[in-house]
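K.L.:
Provided herewith is a single structure, encoded as structure tokens, for subsequent inquiry.
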Amino acid sequence: MASRRRAQRTKSPVERLRAICLALPDTTEKVAWGEPTWRVRGRLFAQLDNHHHGAEHLAVWLPAPLGEQESMIFLDPVRFFRPPYVGPRGWVGVRIDRRPNWTVVTKLVEQAYGMVAAPKRRGRGEPSEGAPTQEMGRGEPC
């Protein structure tokens with residue numbers, strides 16, 4: 001147990017994030033917009049923010065349930081932020097460069113994965129199951 005904790009501490013934040021994402025079923029990694037992204041069946045659920053456009057942080061962007069982004073930022077603006085491009089669609093930025101709580105990061109990644117991996121209910125005029133679509137989560141970053 002102690003050796004596993006030591007090994008986790010020696011991994012970089014990006015390596016730890018990658019391990020969390022790739023441990024989820026049907027997940028693949030793809031570089032997009034110059035950053036690693038993680039997808040489930042082609043749909044984006046996490047994107048690394050490695051000082052994106054000169055930002056001072058290393059973070060991951062994740063879709064969040066309605067209202068959760070605002071709550072997280074209000075309660076802990078040091079760790080959470082509204083990311084550019086996808087923030088208006090409810091995604092939240094989670095800093096991973098300041099001794100993050102990896103249990104919380106893991107739960108948020110799993111939640112984002114579940115939101116994107118869950119089958120969508122189809123309404124009238126929407127493509128049938130299996131039809132090609134452009135869906136990539138709740139919006140894609142630049």
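Quick note on naming: the chains in the structure tokens go A, B, ... in the order shown, residues restart at 1 in each chain, and ligands are numbered from 1 in order of appearance.
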Could you list, as a list in words, every residue within 12 Å of A:Leu66, counting only C-alpha atoms and ignoring same-chain residues fewer than 6 positions away?

P.N.:
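Counting only the stated atoms, we get Met72, Gly87, Pro88, Arg89, Gly90, Trp91, Val92, Ala112, Met115 and Arg138 of chain A.
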
K.L.:
Can I get the selection written as an mmCIF file, in the first residue's frame, with C-alpha atoms?

P.N.:
```
data_model
loop_
_atom_site.group_PDB
_atom_site.id
_atom_site.type_symbol
_atom_site.label_atom_id
_atom_site.label_comp_id
_atom_site.auth_asym_id
_atom_site.auth_seq_id
_atom_site.Cartn_x
_atom_site.Cartn_y
_atom_site.Cartn_z
ATOM 1 C CA MET A 72 -17.660 24.562 -7.448
ATOM 2 C CA GLY A 87 -17.293 27.206 -19.771
ATOM 3 C CA PRO A 88 -20.529 28.745 -21.079
ATOM 4 C CA ARG A 89 -21.740 25.176 -21.738
ATOM 5 C CA GLY A 90 -21.227 24.134 -18.116
ATOM 6 C CA TRP A 91 -17.715 22.683 -18.274
ATOM 7 C CA VAL A 92 -15.461 23.310 -15.280
ATOM 8 C CA ALA A 112 -17.816 13.665 -16.683
ATOM 9 C CA MET A 115 -22.376 12.202 -18.540
ATOM 10 C CA ARG A 138 -21.402 19.183 -24.155
#
```

K.L.:
Do a neighbour search on A:Val14 at 12 Å with only C-alpha atoms, toss out local chain neighbours closer than 4 positions, and write the hits as a list in words.

P.N.:
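The residues that qualify are Gln8, Arg9, Thr10, Arg18, Ala19, Ile20, Cys21, Leu22, Glu35, Pro36, Thr37, Gln47, Leu48, Asp49, Asn50, Leu58, Ala59, Val60, Arg95, Ile96, Asp97, Pro100 and Trp102 of chain A.
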
K.L.:
Write the residues of the preceding selection, restricted to N, CA and C atoms, as an mmCIF file, in the first residue's frame.

P.N.:
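Below is the file again04.cif, written as the result:
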```cif
data_model
loop_
_atom_site.group_PDB
_atom_site.id
_atom_site.type_symbol
_atom_site.label_atom_id
_atom_site.label_comp_id
_atom_site.auth_asym_id
_atom_site.auth_seq_id
_atom_site.Cartn_x
_atom_site.Cartn_y
_atom_site.Cartn_z
ATOM 1 N N GLN A 8 2.521 6.766 -6.872
ATOM 2 C CA GLN A 8 1.582 7.784 -7.349
ATOM 3 C C GLN A 8 2.155 9.179 -7.151
ATOM 4 N N ARG A 9 2.854 9.389 -6.040
ATOM 5 C CA ARG A 9 3.436 10.708 -5.785
ATOM 6 C C ARG A 9 4.530 11.049 -6.779
ATOM 7 N N THR A 10 5.219 10.053 -7.315
ATOM 8 C CA THR A 10 6.311 10.325 -8.248
ATOM 9 C C THR A 10 5.805 10.562 -9.669
ATOM 10 N N ARG A 18 -3.927 11.044 -16.859
ATOM 11 C CA ARG A 18 -4.000 10.074 -17.954
ATOM 12 C C ARG A 18 -4.410 8.695 -17.420
ATOM 13 N N ALA A 19 -3.811 8.261 -16.329
ATOM 14 C CA ALA A 19 -4.134 6.956 -15.750
ATOM 15 C C ALA A 19 -5.592 6.902 -15.293
ATOM 16 N N ILE A 20 -6.084 7.979 -14.694
ATOM 17 C CA ILE A 20 -7.487 8.034 -14.253
ATOM 18 C C ILE A 20 -8.416 7.908 -15.451
ATOM 19 N N CYS A 21 -8.145 8.685 -16.493
ATOM 20 C CA CYS A 21 -9.017 8.679 -17.682
ATOM 21 C C CYS A 21 -8.977 7.341 -18.409
ATOM 22 N N LEU A 22 -7.780 6.822 -18.634
ATOM 23 C CA LEU A 22 -7.662 5.593 -19.421
ATOM 24 C C LEU A 22 -8.115 4.350 -18.669
ATOM 25 N N GLU A 35 -3.308 19.559 -27.213
ATOM 26 C CA GLU A 35 -3.381 19.018 -25.856
ATOM 27 C C GLU A 35 -3.966 17.612 -25.887
ATOM 28 N N PRO A 36 -3.604 16.767 -24.918
ATOM 29 C CA PRO A 36 -4.274 15.467 -24.822
ATOM 30 C C PRO A 36 -5.744 15.645 -24.440
ATOM 31 N N THR A 37 -6.590 14.869 -25.069
ATOM 32 C CA THR A 37 -8.008 14.815 -24.711
ATOM 33 C C THR A 37 -8.359 13.350 -24.509
ATOM 34 N N GLN A 47 -10.270 17.277 -21.194
ATOM 35 C CA GLN A 47 -9.199 17.881 -21.984
ATOM 36 C C GLN A 47 -8.189 18.516 -21.055
ATOM 37 N N LEU A 48 -6.916 18.229 -21.314
ATOM 38 C CA LEU A 48 -5.848 18.849 -20.542
ATOM 39 C C LEU A 48 -5.739 20.318 -20.927
ATOM 40 N N ASP A 49 -5.484 21.146 -19.944
ATOM 41 C CA ASP A 49 -5.224 22.570 -20.133
ATOM 42 C C ASP A 49 -3.823 22.814 -19.586
ATOM 43 N N ASN A 50 -2.823 22.702 -20.466
ATOM 44 C CA ASN A 50 -1.428 22.877 -20.065
ATOM 45 C C ASN A 50 -1.007 24.301 -20.384
ATOM 46 N N LEU A 58 -2.041 24.429 -14.748
ATOM 47 C CA LEU A 58 -2.173 23.124 -15.395
ATOM 48 C C LEU A 58 -3.487 22.580 -14.857
ATOM 49 N N ALA A 59 -4.389 22.214 -15.755
ATOM 50 C CA ALA A 59 -5.729 21.835 -15.317
ATOM 51 C C ALA A 59 -6.335 20.836 -16.291
ATOM 52 N N VAL A 60 -7.506 20.354 -15.941
ATOM 53 C CA VAL A 60 -8.310 19.526 -16.829
ATOM 54 C C VAL A 60 -9.677 20.201 -16.932
ATOM 55 N N ARG A 95 -7.916 22.584 -11.456
ATOM 56 C CA ARG A 95 -6.452 22.689 -11.394
ATOM 57 C C ARG A 95 -5.856 21.391 -10.867
ATOM 58 N N ILE A 96 -4.788 20.952 -11.525
ATOM 59 C CA ILE A 96 -4.092 19.746 -11.063
ATOM 60 C C ILE A 96 -2.630 20.039 -10.747
ATOM 61 N N ASP A 97 -2.284 21.327 -10.618
ATOM 62 C CA ASP A 97 -0.888 21.700 -10.385
ATOM 63 C C ASP A 97 -0.590 22.146 -8.960
ATOM 64 N N PRO A 100 -3.480 18.746 -5.877
ATOM 65 C CA PRO A 100 -4.916 18.494 -5.928
ATOM 66 C C PRO A 100 -5.313 17.297 -5.062
ATOM 67 N N TRP A 102 -6.620 14.098 -5.353
ATOM 68 C CA TRP A 102 -6.793 13.186 -6.479
ATOM 69 C C TRP A 102 -8.058 12.343 -6.352
#
```

K.L.:
Which residues come within 6 Å of A:Val40, counting only C-alpha atoms, excluding same-chain residues fewer than 2 positions away, as a VMD selection string?

P.N.:
chain A and resid 26 to 27 42 to 43

K.L.:
Quick one: residues within 10 Å of A:Leu108, only C-alpha atoms, excluding same-chain residues fewer than 2 positions away - as a ChimeraX atom specification?

P.N.:
/A:46,62-64,92,94,102-106,110-114

K.L.:
Those same residues, written as a JSON list (two decimals), in the first residue's frame with N, CA, C and O atoms?

P.N.:
```json
[["chain", "number", "residue", "atom", "x", "y", "z"],
["A", 46, "ALA", "N", -12.85, 14.84, -21.35],
["A", 46, "ALA", "CA", -11.80, 15.52, -20.57],
["A", 46, "ALA", "C", -10.75, 16.07, -21.51],
["A", 46, "ALA", "O", -10.38, 15.42, -22.49],
["A", 62, "LEU", "N", -13.66, 19.62, -17.74],
["A", 62, "LEU", "CA", -14.63, 18.52, -17.67],
["A", 62, "LEU", "C", -16.05, 19.04, -17.75],
["A", 62, "LEU", "O", -16.35, 20.09, -17.16],
["A", 63, "PRO", "N", -16.95, 18.33, -18.43],
["A", 63, "PRO", "CA", -18.36, 18.73, -18.37],
["A", 63, "PRO", "C", -18.87, 18.45, -16.96],
["A", 63, "PRO", "O", -18.44, 17.49, -16.30],
["A", 64, "ALA", "N", -19.77, 19.30, -16.50],
["A", 64, "ALA", "CA", -20.35, 19.14, -15.16],
["A", 64, "ALA", "C", -21.87, 19.23, -15.25],
["A", 64, "ALA", "O", -22.39, 19.88, -16.16],
["A", 92, "VAL", "N", -16.21, 22.71, -16.38],
["A", 92, "VAL", "CA", -15.46, 23.31, -15.28],
["A", 92, "VAL", "C", -13.98, 22.98, -15.44],
["A", 92, "VAL", "O", -13.63, 21.89, -15.89],
["A", 94, "VAL", "N", -10.47, 22.26, -13.61],
["A", 94, "VAL", "CA", -10.01, 21.73, -12.33],
["A", 94, "VAL", "C", -8.49, 21.77, -12.33],
["A", 94, "VAL", "O", -7.85, 21.08, -13.12],
["A", 102, "TRP", "N", -6.62, 14.10, -5.35],
["A", 102, "TRP", "CA", -6.79, 13.19, -6.48],
["A", 102, "TRP", "C", -8.06, 12.34, -6.35],
["A", 102, "TRP", "O", -8.60, 11.89, -7.37],
["A", 103, "THR", "N", -8.56, 12.17, -5.15],
["A", 103, "THR", "CA", -9.85, 11.47, -4.99],
["A", 103, "THR", "C", -10.96, 12.30, -5.60],
["A", 103, "THR", "O", -11.82, 11.78, -6.31],
["A", 104, "VAL", "N", -10.93, 13.61, -5.36],
["A", 104, "VAL", "CA", -11.94, 14.51, -5.94],
["A", 104, "VAL", "C", -11.77, 14.56, -7.45],
["A", 104, "VAL", "O", -12.76, 14.49, -8.19],
["A", 105, "VAL", "N", -10.55, 14.69, -7.93],
["A", 105, "VAL", "CA", -10.30, 14.73, -9.38],
["A", 105, "VAL", "C", -10.84, 13.46, -10.02],
["A", 105, "VAL", "O", -11.53, 13.51, -11.05],
["A", 106, "THR", "N", -10.57, 12.31, -9.42],
["A", 106, "THR", "CA", -11.05, 11.04, -9.96],
["A", 106, "THR", "C", -12.58, 11.02, -10.03],
["A", 106, "THR", "O", -13.15, 10.62, -11.05],
["A", 110, "GLU", "N", -14.78, 10.74, -13.44],
["A", 110, "GLU", "CA", -15.76, 9.66, -13.58],
["A", 110, "GLU", "C", -17.16, 10.22, -13.84],
["A", 110, "GLU", "O", -17.91, 9.68, -14.65],
["A", 111, "GLN", "N", -17.50, 11.32, -13.18],
["A", 111, "GLN", "CA", -18.79, 11.95, -13.40],
["A", 111, "GLN", "C", -18.90, 12.47, -14.83],
["A", 111, "GLN", "O", -19.91, 12.28, -15.51],
["A", 112, "ALA", "N", -17.84, 13.13, -15.31],
["A", 112, "ALA", "CA", -17.82, 13.66, -16.68],
["A", 112, "ALA", "C", -17.93, 12.52, -17.69],
["A", 112, "ALA", "O", -18.70, 12.61, -18.65],
["A", 113, "TYR", "N", -17.19, 11.46, -17.45],
["A", 113, "TYR", "CA", -17.25, 10.28, -18.30],
["A", 113, "TYR", "C", -18.68, 9.75, -18.35],
["A", 113, "TYR", "O", -19.22, 9.45, -19.43],
["A", 114, "GLY", "N", -19.32, 9.62, -17.20],
["A", 114, "GLY", "CA", -20.68, 9.11, -17.13],
["A", 114, "GLY", "C", -21.67, 9.98, -17.89],
["A", 114, "GLY", "O", -22.59, 9.48, -18.53]]
```

K.L.:
Excluding A:Phe81 and any residue of its chain fewer than 2 positions from it, enumerate the residues within 7 Å of it, using only C-alpha atoms, and give them as a PyMOL selection string.

P.N.:
chain A and resi 73+77+79+83+92-94

K.L.:
Could you please take those selected residues and save N, CA, C and O atoms as a PDB file, in the first residue's frame?

P.N.:
```
ATOM      1  N   ILE A  73     -16.977  26.689  -8.388  1.00  0.00           N
ATOM      2  CA  ILE A  73     -16.163  27.902  -8.485  1.00  0.00           C
ATOM      3  C   ILE A  73     -16.420  28.809  -7.285  1.00  0.00           C
ATOM      4  O   ILE A  73     -15.489  29.376  -6.706  1.00  0.00           O
ATOM      5  N   PRO A  77     -12.637  28.858  -5.545  1.00  0.00           N
ATOM      6  CA  PRO A  77     -12.144  29.481  -6.782  1.00  0.00           C
ATOM      7  C   PRO A  77     -10.651  29.287  -7.018  1.00  0.00           C
ATOM      8  O   PRO A  77     -10.159  29.592  -8.106  1.00  0.00           O
ATOM      9  N   ARG A  79      -9.166  26.248  -6.836  1.00  0.00           N
ATOM     10  CA  ARG A  79      -9.031  24.966  -7.536  1.00  0.00           C
ATOM     11  C   ARG A  79      -9.903  24.855  -8.782  1.00  0.00           C
ATOM     12  O   ARG A  79      -9.600  24.070  -9.676  1.00  0.00           O
ATOM     13  N   PRO A  83     -13.633  27.507 -17.701  1.00  0.00           N
ATOM     14  CA  PRO A  83     -12.678  27.504 -18.811  1.00  0.00           C
ATOM     15  C   PRO A  83     -13.214  28.262 -20.029  1.00  0.00           C
ATOM     16  O   PRO A  83     -14.425  28.375 -20.213  1.00  0.00           O
ATOM     17  N   VAL A  92     -16.206  22.708 -16.376  1.00  0.00           N
ATOM     18  CA  VAL A  92     -15.461  23.310 -15.280  1.00  0.00           C
ATOM     19  C   VAL A  92     -13.983  22.979 -15.441  1.00  0.00           C
ATOM     20  O   VAL A  92     -13.627  21.892 -15.888  1.00  0.00           O
ATOM     21  N   GLY A  93     -13.142  23.945 -15.118  1.00  0.00           N
ATOM     22  CA  GLY A  93     -11.705  23.722 -15.092  1.00  0.00           C
ATOM     23  C   GLY A  93     -11.300  23.300 -13.694  1.00  0.00           C
ATOM     24  O   GLY A  93     -11.734  23.910 -12.705  1.00  0.00           O
ATOM     25  N   VAL A  94     -10.475  22.263 -13.614  1.00  0.00           N
ATOM     26  CA  VAL A  94     -10.013  21.731 -12.327  1.00  0.00           C
ATOM     27  C   VAL A  94      -8.488  21.770 -12.332  1.00  0.00           C
ATOM     28  O   VAL A  94      -7.849  21.082 -13.122  1.00  0.00           O
TER      29      VAL A  94
END
```

K.L.:
Suppose you want the space between atom CA of A:Ala117 and atom CA of A:His51; what is it in Å?

P.N.:
27.4 Å

K.L.:
Write out as a list in words all residues of stretch 64-109 of chain A that backbone DSSP assigns to alpha helix (DSSP H).

P.N.:
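The alpha helix (DSSP H) residues within stretch 64-109 of chain A come out as Glu68, Gln69, Glu70, Ser71, Met72, Ile73, Phe74, Leu75, Trp102, Thr103, Val104, Val105, Thr106, Lys107, Leu108 and Val109 of chain A.
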